[in-house]
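Q: Input structure: coords.cif, which contains mmCIF, C-alpha atoms.
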```cif
data_coords
loop_
_atom_site.group_PDB
_atom_site.id
_atom_site.type_symbol
_atom_site.label_atom_id
_atom_site.label_comp_id
_atom_site.auth_asym_id
_atom_site.auth_seq_id
_atom_site.Cartn_x
_atom_site.Cartn_y
_atom_site.Cartn_z
ATOM 1 C CA MET K 1 16.005 -21.426 -7.758
ATOM 2 C CA ASN K 2 13.363 -22.457 -10.288
ATOM 3 C CA GLU K 3 10.623 -21.877 -7.706
ATOM 4 C CA PHE K 4 11.865 -18.331 -7.121
ATOM 5 C CA ALA K 5 12.008 -17.691 -10.883
ATOM 6 C CA ASN K 6 8.463 -18.972 -11.301
ATOM 7 C CA PHE K 7 7.311 -16.831 -8.385
ATOM 8 C CA ILE K 8 8.764 -13.716 -10.041
ATOM 9 C CA LYS K 9 7.246 -14.608 -13.427
ATOM 10 C CA GLU K 10 3.807 -14.910 -11.852
ATOM 11 C CA ARG K 11 3.917 -11.389 -10.381
ATOM 12 C CA ARG K 12 2.030 -8.531 -12.003
ATOM 13 C CA LYS K 13 4.419 -6.313 -13.961
ATOM 14 C CA VAL K 14 3.556 -2.900 -12.501
ATOM 15 C CA ASN K 15 3.489 -4.164 -8.926
ATOM 16 C CA LEU K 16 6.757 -6.054 -9.405
ATOM 17 C CA THR K 17 8.361 -2.910 -10.872
ATOM 18 C CA LEU K 18 7.341 -0.905 -7.792
ATOM 19 C CA ALA K 19 8.835 -3.573 -5.515
ATOM 20 C CA VAL K 20 12.086 -3.606 -7.518
ATOM 21 C CA ILE K 21 12.354 0.200 -7.323
ATOM 22 C CA ASN K 22 11.928 0.075 -3.546
ATOM 23 C CA ILE K 23 14.595 -2.618 -3.239
ATOM 24 C CA VAL K 24 17.056 -0.809 -5.523
ATOM 25 C CA VAL K 25 16.608 2.474 -3.626
ATOM 26 C CA PHE K 26 17.225 0.644 -0.349
ATOM 27 C CA ILE K 27 20.422 -1.025 -1.637
ATOM 28 C CA VAL K 28 21.778 2.285 -2.950
ATOM 29 C CA LEU K 29 21.082 4.114 0.313
ATOM 30 C CA GLU K 30 22.458 1.252 2.399
ATOM 31 C CA CYS K 31 25.698 1.466 0.414
ATOM 32 C CA MET K 32 25.809 5.213 1.028
ATOM 33 C CA GLY K 33 25.100 5.167 4.764
ATOM 34 C CA ASP K 34 22.845 3.838 7.517
ATOM 35 C CA THR K 35 19.163 3.446 6.595
ATOM 36 C CA THR K 36 18.233 3.064 10.264
ATOM 37 C CA ASP K 37 19.555 6.559 11.036
ATOM 38 C CA ALA K 38 16.767 9.173 11.014
ATOM 39 C CA SER K 39 19.096 12.043 10.069
ATOM 40 C CA PHE K 40 20.500 10.133 7.105
ATOM 41 C CA MET K 41 17.005 9.211 5.896
ATOM 42 C CA LEU K 42 15.773 12.781 6.335
ATOM 43 C CA ALA K 43 18.656 14.016 4.187
ATOM 44 C CA HIS K 44 17.603 11.589 1.432
ATOM 45 C CA GLY K 45 13.895 12.294 1.214
ATOM 46 C CA ALA K 46 12.096 10.966 4.286
ATOM 47 C CA SER K 47 8.999 12.845 5.434
ATOM 48 C CA TYR K 48 9.121 15.235 8.380
ATOM 49 C CA GLY K 49 6.102 17.372 9.262
ATOM 50 C CA PRO K 50 7.762 20.756 9.818
ATOM 51 C CA LEU K 51 9.705 20.523 6.551
ATOM 52 C CA VAL K 52 6.639 19.428 4.588
ATOM 53 C CA LEU K 53 4.576 22.267 6.054
ATOM 54 C CA GLU K 54 7.356 24.692 5.090
ATOM 55 C CA GLY K 55 6.924 23.697 1.437
ATOM 56 C CA GLU K 56 8.983 20.536 0.889
ATOM 57 C CA TYR K 57 5.935 18.675 -0.413
ATOM 58 C CA TRP K 58 8.049 16.343 -2.549
ATOM 59 C CA ARG K 59 8.862 14.433 0.641
ATOM 60 C CA LEU K 60 5.304 13.078 0.637
ATOM 61 C CA PHE K 61 6.304 11.191 -2.531
ATOM 62 C CA THR K 62 9.972 10.326 -2.011
ATOM 63 C CA SER K 63 9.383 8.945 1.483
ATOM 64 C CA MET K 64 7.247 6.179 -0.058
ATOM 65 C CA PHE K 65 10.393 4.570 -1.485
ATOM 66 C CA LEU K 66 12.550 4.726 1.667
ATOM 67 C CA HIS K 67 12.729 2.108 4.425
ATOM 68 C CA PHE K 68 14.322 2.031 7.861
ATOM 69 C CA GLY K 69 16.494 -1.076 7.674
ATOM 70 C CA PHE K 70 16.144 -4.485 6.033
ATOM 71 C CA GLU K 71 13.320 -5.778 8.241
ATOM 72 C CA HIS K 72 11.152 -2.770 7.416
ATOM 73 C CA LEU K 73 11.810 -3.269 3.701
ATOM 74 C CA ALA K 74 11.259 -7.048 3.785
ATOM 75 C CA TYR K 75 7.926 -6.829 5.617
ATOM 76 C CA ASN K 76 6.593 -4.140 3.290
ATOM 77 C CA MET K 77 7.753 -5.841 0.080
ATOM 78 C CA PHE K 78 6.338 -9.199 1.169
ATOM 79 C CA SER K 79 2.972 -7.540 1.783
ATOM 80 C CA LEU K 80 3.157 -5.573 -1.469
ATOM 81 C CA LEU K 81 3.999 -8.548 -3.676
ATOM 82 C CA PHE K 82 0.822 -10.373 -2.663
ATOM 83 C CA LEU K 83 -1.674 -7.634 -1.857
ATOM 84 C CA GLY K 84 -0.580 -5.319 -4.668
ATOM 85 C CA ASP K 85 -0.756 -8.149 -7.201
ATOM 86 C CA PHE K 86 -4.380 -8.807 -6.315
ATOM 87 C CA VAL K 87 -5.355 -5.140 -6.573
ATOM 88 C CA GLU K 88 -3.553 -4.740 -9.915
ATOM 89 C CA MET K 89 -5.294 -7.851 -11.249
ATOM 90 C CA ILE K 90 -8.723 -6.499 -10.255
ATOM 91 C CA MET K 91 -8.229 -2.809 -11.057
ATOM 92 C CA GLY K 92 -5.785 -2.960 -13.960
ATOM 93 C CA PRO K 93 -2.321 -1.323 -14.032
ATOM 94 C CA VAL K 94 -3.413 2.314 -14.489
ATOM 95 C CA ARG K 95 -6.034 2.350 -11.726
ATOM 96 C CA TYR K 96 -3.691 0.367 -9.503
ATOM 97 C CA LEU K 97 -1.001 3.036 -9.879
ATOM 98 C CA ILE K 98 -3.547 5.724 -9.011
ATOM 99 C CA ILE K 99 -4.536 3.848 -5.853
ATOM 100 C CA TYR K 100 -0.910 3.163 -4.909
ATOM 101 C CA PHE K 101 0.439 6.685 -5.347
ATOM 102 C CA VAL K 102 -2.598 8.814 -4.494
ATOM 103 C CA GLY K 103 -3.432 6.546 -1.551
ATOM 104 C CA GLY K 104 0.156 6.544 -0.319
ATOM 105 C CA ILE K 105 0.555 10.303 -0.630
ATOM 106 C CA GLY K 106 -2.863 10.799 0.953
ATOM 107 C CA GLY K 107 -1.782 8.693 3.916
ATOM 108 C CA ASN K 108 1.362 10.789 4.285
ATOM 109 C CA VAL K 109 -0.649 14.023 4.141
ATOM 110 C CA ILE K 110 -2.961 12.778 6.888
ATOM 111 C CA SER K 111 0.085 11.744 8.938
ATOM 112 C CA VAL K 112 1.561 15.253 8.687
ATOM 113 C CA LEU K 113 -1.757 16.879 9.615
ATOM 114 C CA VAL K 114 -2.263 14.576 12.623
ATOM 115 C CA SER K 115 1.307 15.220 13.789
ATOM 116 C CA ALA K 116 0.855 18.972 13.418
ATOM 117 C CA ARG K 117 -2.333 18.910 15.458
ATOM 118 C CA ALA K 118 -0.711 16.817 18.196
ATOM 119 C CA GLY K 119 2.484 18.868 18.114
ATOM 120 C CA ARG K 120 4.614 15.698 17.925
ATOM 121 C CA TYR K 121 6.791 15.088 14.887
ATOM 122 C CA ALA K 122 8.934 12.164 13.764
ATOM 123 C CA VAL K 123 10.868 11.285 10.635
ATOM 124 C CA SER K 124 8.641 8.994 8.588
ATOM 125 C CA ALA K 125 9.291 6.727 5.598
ATOM 126 C CA GLY K 126 8.066 3.535 3.996
ATOM 127 C CA ALA K 127 5.648 2.115 1.443
ATOM 128 C CA SER K 128 3.187 1.002 4.114
ATOM 129 C CA GLY K 129 0.789 3.919 3.484
ATOM 130 C CA ALA K 130 0.484 2.802 -0.152
ATOM 131 C CA ILE K 131 0.196 -0.844 0.925
ATOM 132 C CA PHE K 132 -2.629 0.044 3.294
ATOM 133 C CA ALA K 133 -4.234 1.920 0.390
ATOM 134 C CA CYS K 134 -4.164 -1.407 -1.466
ATOM 135 C CA MET K 135 -5.785 -3.025 1.567
ATOM 136 C CA GLY K 136 -8.505 -0.375 1.526
ATOM 137 C CA ALA K 137 -9.094 -0.998 -2.189
ATOM 138 C CA TYR K 138 -9.232 -4.743 -1.561
ATOM 139 C CA LEU K 139 -11.777 -4.199 1.202
ATOM 140 C CA CYS K 140 -13.916 -2.049 -1.097
ATOM 141 C CA PHE K 141 -13.780 -4.729 -3.796
ATOM 142 C CA ALA K 142 -14.769 -7.411 -1.306
ATOM 143 C CA LEU K 143 -17.728 -5.422 0.015
ATOM 144 C CA GLN K 144 -19.009 -4.806 -3.504
ATOM 145 C CA ASN K 145 -18.711 -8.519 -4.290
ATOM 146 C CA ARG K 146 -19.593 -9.978 -0.894
ATOM 147 C CA LYS K 147 -22.295 -12.250 -2.291
ATOM 148 C CA GLN K 148 -19.846 -13.918 -4.675
ATOM 149 C CA LEU K 149 -17.089 -14.156 -2.047
ATOM 150 C CA GLY K 150 -19.310 -15.682 0.615
ATOM 151 C CA SER K 151 -19.530 -15.064 4.348
ATOM 152 C CA SER K 152 -16.479 -17.199 5.248
ATOM 153 C CA ASN K 153 -14.154 -15.252 2.925
ATOM 154 C CA MET K 154 -15.561 -11.967 4.191
ATOM 155 C CA ARG K 155 -14.809 -13.027 7.766
ATOM 156 C CA ARG K 156 -11.231 -13.912 6.779
ATOM 157 C CA LEU K 157 -10.829 -10.527 5.141
ATOM 158 C CA GLY K 158 -12.211 -8.771 8.201
ATOM 159 C CA LEU K 159 -9.782 -10.695 10.390
ATOM 160 C CA LEU K 160 -6.866 -9.785 8.105
ATOM 161 C CA VAL K 161 -7.768 -6.093 8.233
ATOM 162 C CA MET K 162 -8.058 -6.204 12.024
ATOM 163 C CA LEU K 163 -4.694 -7.969 12.371
ATOM 164 C CA MET K 164 -2.937 -5.411 10.164
ATOM 165 C CA ILE K 165 -4.441 -2.519 12.121
ATOM 166 C CA MET K 166 -3.645 -4.135 15.480
ATOM 167 C CA GLN K 167 -0.044 -4.798 14.470
ATOM 168 C CA SER K 168 0.404 -1.182 13.410
ATOM 169 C CA MET K 169 -0.980 -0.087 16.779
ATOM 170 C CA VAL K 170 1.260 -2.425 18.805
ATOM 171 C CA ASP K 171 4.574 -2.011 16.954
ATOM 172 C CA LYS K 172 6.714 0.859 18.182
ATOM 173 C CA GLY K 173 7.718 3.601 15.773
ATOM 174 C CA VAL K 174 4.882 2.848 13.332
ATOM 175 C CA ASP K 175 3.077 5.741 11.633
ATOM 176 C CA ASN K 176 -0.508 4.736 12.402
ATOM 177 C CA ALA K 177 -1.961 7.892 10.857
ATOM 178 C CA ALA K 178 -0.294 7.077 7.514
ATOM 179 C CA HIS K 179 -1.567 3.491 7.683
ATOM 180 C CA LEU K 180 -5.177 4.317 8.510
ATOM 181 C CA GLY K 181 -5.145 7.361 6.230
ATOM 182 C CA GLY K 182 -3.779 5.289 3.371
ATOM 183 C CA MET K 183 -6.437 2.626 3.923
ATOM 184 C CA ALA K 184 -9.222 5.228 3.924
ATOM 185 C CA CYS K 185 -7.857 6.834 0.742
ATOM 186 C CA GLY K 186 -7.518 3.454 -0.965
ATOM 187 C CA PHE K 187 -11.087 2.534 -0.072
ATOM 188 C CA LEU K 188 -12.476 5.819 -1.410
ATOM 189 C CA LEU K 189 -10.391 5.646 -4.589
ATOM 190 C CA ALA K 190 -11.532 2.092 -5.287
ATOM 191 C CA ALA K 191 -15.145 3.131 -4.723
ATOM 192 C CA LEU K 192 -14.662 5.800 -7.400
ATOM 193 C CA LEU K 193 -12.592 3.733 -9.839
ATOM 194 C CA TYR K 194 -13.980 0.209 -9.529
ATOM 195 C CA HIS K 195 -17.460 -0.688 -10.722
ATOM 196 C CA PRO K 196 -18.266 -4.406 -10.848
ATOM 197 C CA LYS K 197 -19.961 -5.548 -14.003
ATOM 198 C CA LYS K 198 -23.605 -6.270 -13.500
ATOM 199 C CA ARG K 199 -24.917 -9.420 -15.033
ATOM 200 C CA THR K 200 -27.741 -8.777 -17.450
ATOM 201 C CA VAL K 201 -30.539 -11.308 -17.574
ATOM 202 C CA ARG K 202 -32.191 -11.644 -20.939
ATOM 203 C CA ARG K 203 -35.904 -12.215 -20.982
ATOM 204 C CA ILE K 204 -36.985 -14.966 -23.309
ATOM 205 C CA SER K 205 -40.622 -14.989 -24.316
ATOM 206 C CA GLU K 206 -42.142 -18.216 -25.462
#
```
Would you mind writing the structure in this file as structure tokens?
A:
Amino acid sequence: MNEFANFIKERRKVNLTLAVINIVVFIVLECMGDTTDASFMLAHGASYGPLVLEGEYWRLFTSMFLHFGFEHLAYNMFSLLFLGDFVEMIMGPVRYLIIYFVGGIGGNVISVLVSARAGRYAVSAGASGAIFACMGAYLCFALQNRKQLGSSNMRRLGLLVMLMIMQSMVDKGVDNAAHLGGMACGFLLAALLYHPKKRTVRRISE
């Protein structure tokens, strides 16, 4: 119990708050009905291309806090607690929130556009677009600081990115467009918001 308490205390406040909100929303919806049922989730804010294109743009936001069942929630929150903490630590709480929400919404927008072009629609929900935005921001940070991180850490990061992308491609029912779109948005946002401090070398004349 003490280990769990210490784990919670070590989390970044903004990221932990986002995780708690996701968990609370899931518990409330689970008490109200079946979170694995697409119709139920659609009625409570999940994203669906035709409805979004008809003007229900708020679904691009609300769907980020909905999850299809406990496994979906657990996987996303586990990823968020570690990856989001790192991004918040590097970027600060305000810029982290920008990356999380703008990246997540951007991923959902790309998902809707890809679905519309393909003519295939599905009810979509989850924080994974925002989590992949955090991954994109992390990748941007690593590339800007690759000399300090070293080649071995860069290879590990590259492997992690590849594994996350491959898993999203293999798993059934996964919104790949939201994942890749969120990652791209997160990378671009970090490139705009994060600027590593350059060390200044003072010249000393004898």
Q: Given all atoms listed in the file as the basis, pick out the residue of K:Phe26, K:Trp58, K:Tyr48, K:Phe187 nearest to K:Tyr100.
A: K:Phe187
Q: Pull out every residue that the PyMOL selection byres ((chain K and resi 106-113) around 7) matches in the shown coordinates and put them as a list of chain:residue names.
A: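 Here the PyMOL selection byres ((chain K and resi 106-113) around 7) matches K:Gly49, K:Leu60, K:Val102, K:Gly103, K:Gly104, K:Ile105, K:Val114, K:Ser115, K:Ala116, K:Arg117, K:Gly129, K:Ala177, K:Ala178, K:His179, K:Gly181, K:Gly182, K:Cys185.
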Q: Could you save those same residues with C-alpha atoms as an mmCIF file, in the frame of the given file?
A:
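The resulting file, selection.cif, is reproduced below:
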```
data_model
loop_
_atom_site.group_PDB
_atom_site.id
_atom_site.type_symbol
_atom_site.label_atom_id
_atom_site.label_comp_id
_atom_site.auth_asym_id
_atom_site.auth_seq_id
_atom_site.Cartn_x
_atom_site.Cartn_y
_atom_site.Cartn_z
ATOM 1 C CA GLY K 49 6.102 17.372 9.262
ATOM 2 C CA LEU K 60 5.304 13.078 0.637
ATOM 3 C CA VAL K 102 -2.598 8.814 -4.494
ATOM 4 C CA GLY K 103 -3.432 6.546 -1.551
ATOM 5 C CA GLY K 104 0.156 6.544 -0.319
ATOM 6 C CA ILE K 105 0.555 10.303 -0.630
ATOM 7 C CA VAL K 114 -2.263 14.576 12.623
ATOM 8 C CA SER K 115 1.307 15.220 13.789
ATOM 9 C CA ALA K 116 0.855 18.972 13.418
ATOM 10 C CA ARG K 117 -2.333 18.910 15.458
ATOM 11 C CA GLY K 129 0.789 3.919 3.484
ATOM 12 C CA ALA K 177 -1.961 7.892 10.857
ATOM 13 C CA ALA K 178 -0.294 7.077 7.514
ATOM 14 C CA HIS K 179 -1.567 3.491 7.683
ATOM 15 C CA GLY K 181 -5.145 7.361 6.230
ATOM 16 C CA GLY K 182 -3.779 5.289 3.371
ATOM 17 C CA CYS K 185 -7.857 6.834 0.742
#
```
Q: Just give me the gap between atom CA of K:Phe65 and atom CA of K:Tyr194 in Å, one decimal is fine.
A: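 So the two atoms, atom CA of K:Phe65 and atom CA of K:Tyr194, lie 26.0 Å apart.
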Q: Pick out the residues sitting within 9 Å of K:Asp175, and hand them over as an mmCIF file with C-alpha atoms, in the coordinates of the input; count only C-alpha atoms, and ignore anything fewer than 4 positions along from it in its own chain.
A:
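This went into out_21.cif:
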```
data_model
loop_
_atom_site.group_PDB
_atom_site.id
_atom_site.type_symbol
_atom_site.label_atom_id
_atom_site.label_comp_id
_atom_site.auth_asym_id
_atom_site.auth_seq_id
_atom_site.Cartn_x
_atom_site.Cartn_y
_atom_site.Cartn_z
ATOM 1 C CA SER K 111 0.085 11.744 8.938
ATOM 2 C CA ALA K 122 8.934 12.164 13.764
ATOM 3 C CA SER K 124 8.641 8.994 8.588
ATOM 4 C CA ALA K 125 9.291 6.727 5.598
ATOM 5 C CA SER K 128 3.187 1.002 4.114
ATOM 6 C CA GLY K 129 0.789 3.919 3.484
ATOM 7 C CA SER K 168 0.404 -1.182 13.410
ATOM 8 C CA MET K 169 -0.980 -0.087 16.779
ATOM 9 C CA HIS K 179 -1.567 3.491 7.683
ATOM 10 C CA LEU K 180 -5.177 4.317 8.510
#
```
Q: Find the distance between atom CA of K:Asn22 and atom CA of K:Met77 and write it in Å to one decimal.
A: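 Atom CA of K:Met77 lies at a distance of 8.1 Å from atom CA of K:Asn22.
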Q: Hey, what's within 7 Å of stretch 32-46 of chain K if we count only C-alpha atoms and toss same-chain stuff fewer than 3 positions away? As a list in words, please?
A: Val28, Leu29, Arg59, Thr62, Ser63, Leu66, His67, Phe68, Gly69, Val123, Ser124 and Ala125 of chain K
Q: Using the chain letters and numbers from the file, which residues does the PyMOL selection byres ((chain K and resi 83) around 10) grab, as a list in words?
A: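 Evaluating the PyMOL selection byres ((chain K and resi 83) around 10) on this file yields Asn15, Met77, Phe78, Ser79, Leu80, Leu81, Phe82, Gly84, Asp85, Phe86, Val87, Glu88, Ile131, Phe132, Cys134, Met135, Ala137 and Tyr138 of chain K.
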Q: Using only C-alpha atoms, please write the residues we just selected to a file, as a short mmCIF file (atom, residue, chain, number, x, y, z; two decimals), keeping the file's coordinate frame.
A:
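Result file follows (again_20.cif):
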```cif
data_model
loop_
_atom_site.label_atom_id
_atom_site.label_comp_id
_atom_site.auth_asym_id
_atom_site.auth_seq_id
_atom_site.Cartn_x
_atom_site.Cartn_y
_atom_site.Cartn_z
CA ASN K 15 3.49 -4.16 -8.93
CA MET K 77 7.75 -5.84 0.08
CA PHE K 78 6.34 -9.20 1.17
CA SER K 79 2.97 -7.54 1.78
CA LEU K 80 3.16 -5.57 -1.47
CA LEU K 81 4.00 -8.55 -3.68
CA PHE K 82 0.82 -10.37 -2.66
CA GLY K 84 -0.58 -5.32 -4.67
CA ASP K 85 -0.76 -8.15 -7.20
CA PHE K 86 -4.38 -8.81 -6.32
CA VAL K 87 -5.36 -5.14 -6.57
CA GLU K 88 -3.55 -4.74 -9.91
CA ILE K 131 0.20 -0.84 0.92
CA PHE K 132 -2.63 0.04 3.29
CA CYS K 134 -4.16 -1.41 -1.47
CA MET K 135 -5.78 -3.02 1.57
CA ALA K 137 -9.09 -1.00 -2.19
CA TYR K 138 -9.23 -4.74 -1.56
#
```
Q: In Å, with one decimal, what is the gap from atom CA of K:Ala133 to atom CA of K:Ile99?
A: 6.5 Å
